[in-house]
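Worksheet: one structure, shown below.
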Amino acid sequence: MLNSSFWPGVCAFGSVLFAAIAIIDFGIYIATRYRERYLQEARTELDDILIQIPAARVLDISIAFSAVGVVLSILTLSFSAEKVSFQTLLIISLCSACVLFPIPRFILRYLKIRRLNKFSTQLEDALNMISGALKAGFSINQALEEVADQDIHPLSVEFRLLTQEIRLGVTLEQALENMSRRIESEDFELVAVAISTARKTGGELTSTLSRVAALIRERVRIAQKVRALTAMGRMQAIMIGLMPFLLLLGMYHVSPHLIRTFFSTPIGLISLIAVVLMDIAGFLWIRKITKIEV
């Protein structure tokens, strides 16, 4: 006769097995969706800065950064003078992986912002060049080609793409709209609207471009002044964001036993998660305050 605990054990095993399968399937679904979204966003960012590499390569670099962080954490804690528990080692390794994983995307966004700022600075000279070409009797398409032929990066590259679209049969208004959507620059959007409106209403395009160039010059000047005035606030956001982690490293150097106890208790782990969340919220809050739209 079978033991009375046989069937309850089978049921418990089946429940655990099905629960594990459901969790694994859900995890695979989340990972797949995240990978698709990550590749789509990375592909868009690469297209914005005109870097011709596969988006999957960015994901591979992010994973490599995380792996390097885990290996360095394990090697550093393994060869330290004090013994470190497996739980502490696992938490620090996961934190290192999470911190290093988004670095390639941050680099892409930084390159995009720097490229956009450089484009906005060069746009005033391009408008003056177009206005001068129109006064000399050139057509608007010829004036755009004059800008495209200049060796001014990234301005000439974007105008070269614009003129190529026009040669392929795209209307000037549509080509300007495509370029505005690609660059995502408010200054160039103003230029595109001004050119399209002047062509539809028959207005004087040279004077319109001169006024737009003066407006862009003033906006760039104000934006640079605002950036200089808010530099201290941005530095404070960085310092406040790094201070808890630097303090944690200092306390670990002074009293390793205290920090290991902190990582090995539920209250300590909950406190750590709360500190990280509040630290991120404070950093984003200060950045939002210091980010002033011009």
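FYI, nothing fancy with the structure tokens labels: chains A, B, ... in order, residues from 1 per chain, ligands from 1 as they appear.
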
Can you list, as a ChimeraX atom specification, every protein, DNA or RNA residue that comes within 7 Å of stretch 198-208 of chain A when you count only C-alpha atoms, leaving out same-chain residues fewer than 6 positions away? /A:131,134-135

Give me, as a tab-separated table, each residue of stretch 105-140 of chain A that comes within 10 Å of stretch 152-169 of chain A, together with its shortest interatomic pair and the distance in Å at one decimal, counting only C-alpha atoms, with rows ordered by chain and rising residue number.
residue	atom	partner	partner_atom	distance
A:Arg115	CA	A:Pro154	CA	7.0
A:Leu116	CA	A:Pro154	CA	8.7
A:Lys118	CA	A:Pro154	CA	7.5
A:Phe119	CA	A:Leu155	CA	5.6
A:Ser120	CA	A:Leu155	CA	8.7
A:Thr121	CA	A:Leu155	CA	9.4
A:Gln122	CA	A:Leu155	CA	6.6
A:Leu123	CA	A:Leu155	CA	7.1
A:Asp125	CA	A:Leu155	CA	9.9
A:Ala126	CA	A:Leu155	CA	8.0

Expected file: the selected residues, N, CA, C and O atoms, as a CSV table (one decimal), in the first residue's frame:
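Final file, result-v2.csv:
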chain,number,residue,atom,x,y,z
A,115,ARG,N,25.7,66.1,-31.1
A,115,ARG,CA,25.6,66.4,-32.6
A,115,ARG,C,24.5,67.4,-32.8
A,115,ARG,O,24.6,68.2,-33.7
A,116,LEU,N,23.4,67.3,-32.1
A,116,LEU,CA,22.3,68.2,-32.3
A,116,LEU,C,22.7,69.6,-31.9
A,116,LEU,O,22.4,70.6,-32.6
A,118,LYS,N,25.7,70.9,-32.0
A,118,LYS,CA,26.6,71.3,-33.0
A,118,LYS,C,25.9,71.7,-34.2
A,118,LYS,O,26.2,72.7,-34.9
A,119,PHE,N,24.9,71.0,-34.6
A,119,PHE,CA,24.0,71.3,-35.8
A,119,PHE,C,23.3,72.6,-35.6
A,119,PHE,O,23.3,73.5,-36.5
A,120,SER,N,22.8,72.9,-34.4
A,120,SER,CA,22.1,74.1,-34.1
A,120,SER,C,23.0,75.3,-34.2
A,120,SER,O,22.6,76.4,-34.6
A,121,THR,N,24.3,75.1,-33.7
A,121,THR,CA,25.2,76.2,-33.8
A,121,THR,C,25.6,76.5,-35.2
A,121,THR,O,25.8,77.7,-35.6
A,122,GLN,N,25.7,75.5,-36.1
A,122,GLN,CA,26.1,75.7,-37.5
A,122,GLN,C,24.9,76.2,-38.4
A,122,GLN,O,25.2,76.6,-39.5
A,123,LEU,N,23.7,76.0,-37.9
A,123,LEU,CA,22.6,76.3,-38.7
A,123,LEU,C,22.5,77.8,-39.1
A,123,LEU,O,22.0,78.1,-40.2
A,125,ASP,N,24.9,79.9,-39.7
A,125,ASP,CA,25.8,80.2,-40.9
A,125,ASP,C,25.2,79.6,-42.2
A,125,ASP,O,25.3,80.2,-43.3
A,126,ALA,N,24.5,78.4,-42.1
A,126,ALA,CA,23.9,77.8,-43.2
A,126,ALA,C,22.8,78.7,-43.8
A,126,ALA,O,22.6,78.9,-45.0

Shell of 10 Å around A:Ala64, only C-alpha atoms, local chain residues under 4 positions omitted, as a PyMOL selection string: chain A and resi 58-60+68-70+97+100-101

In stretch 136-215 of chain A, what's alpha helix (DSSP H) per DSSP? Answer as a PyMOL selection string? chain A and resi 140-148+155-167+172-183+186-201+205-215

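One distance worth recording is that between atom CA of A:Ala148 and atom CA of A:Leu176, which is 13.8 Å.
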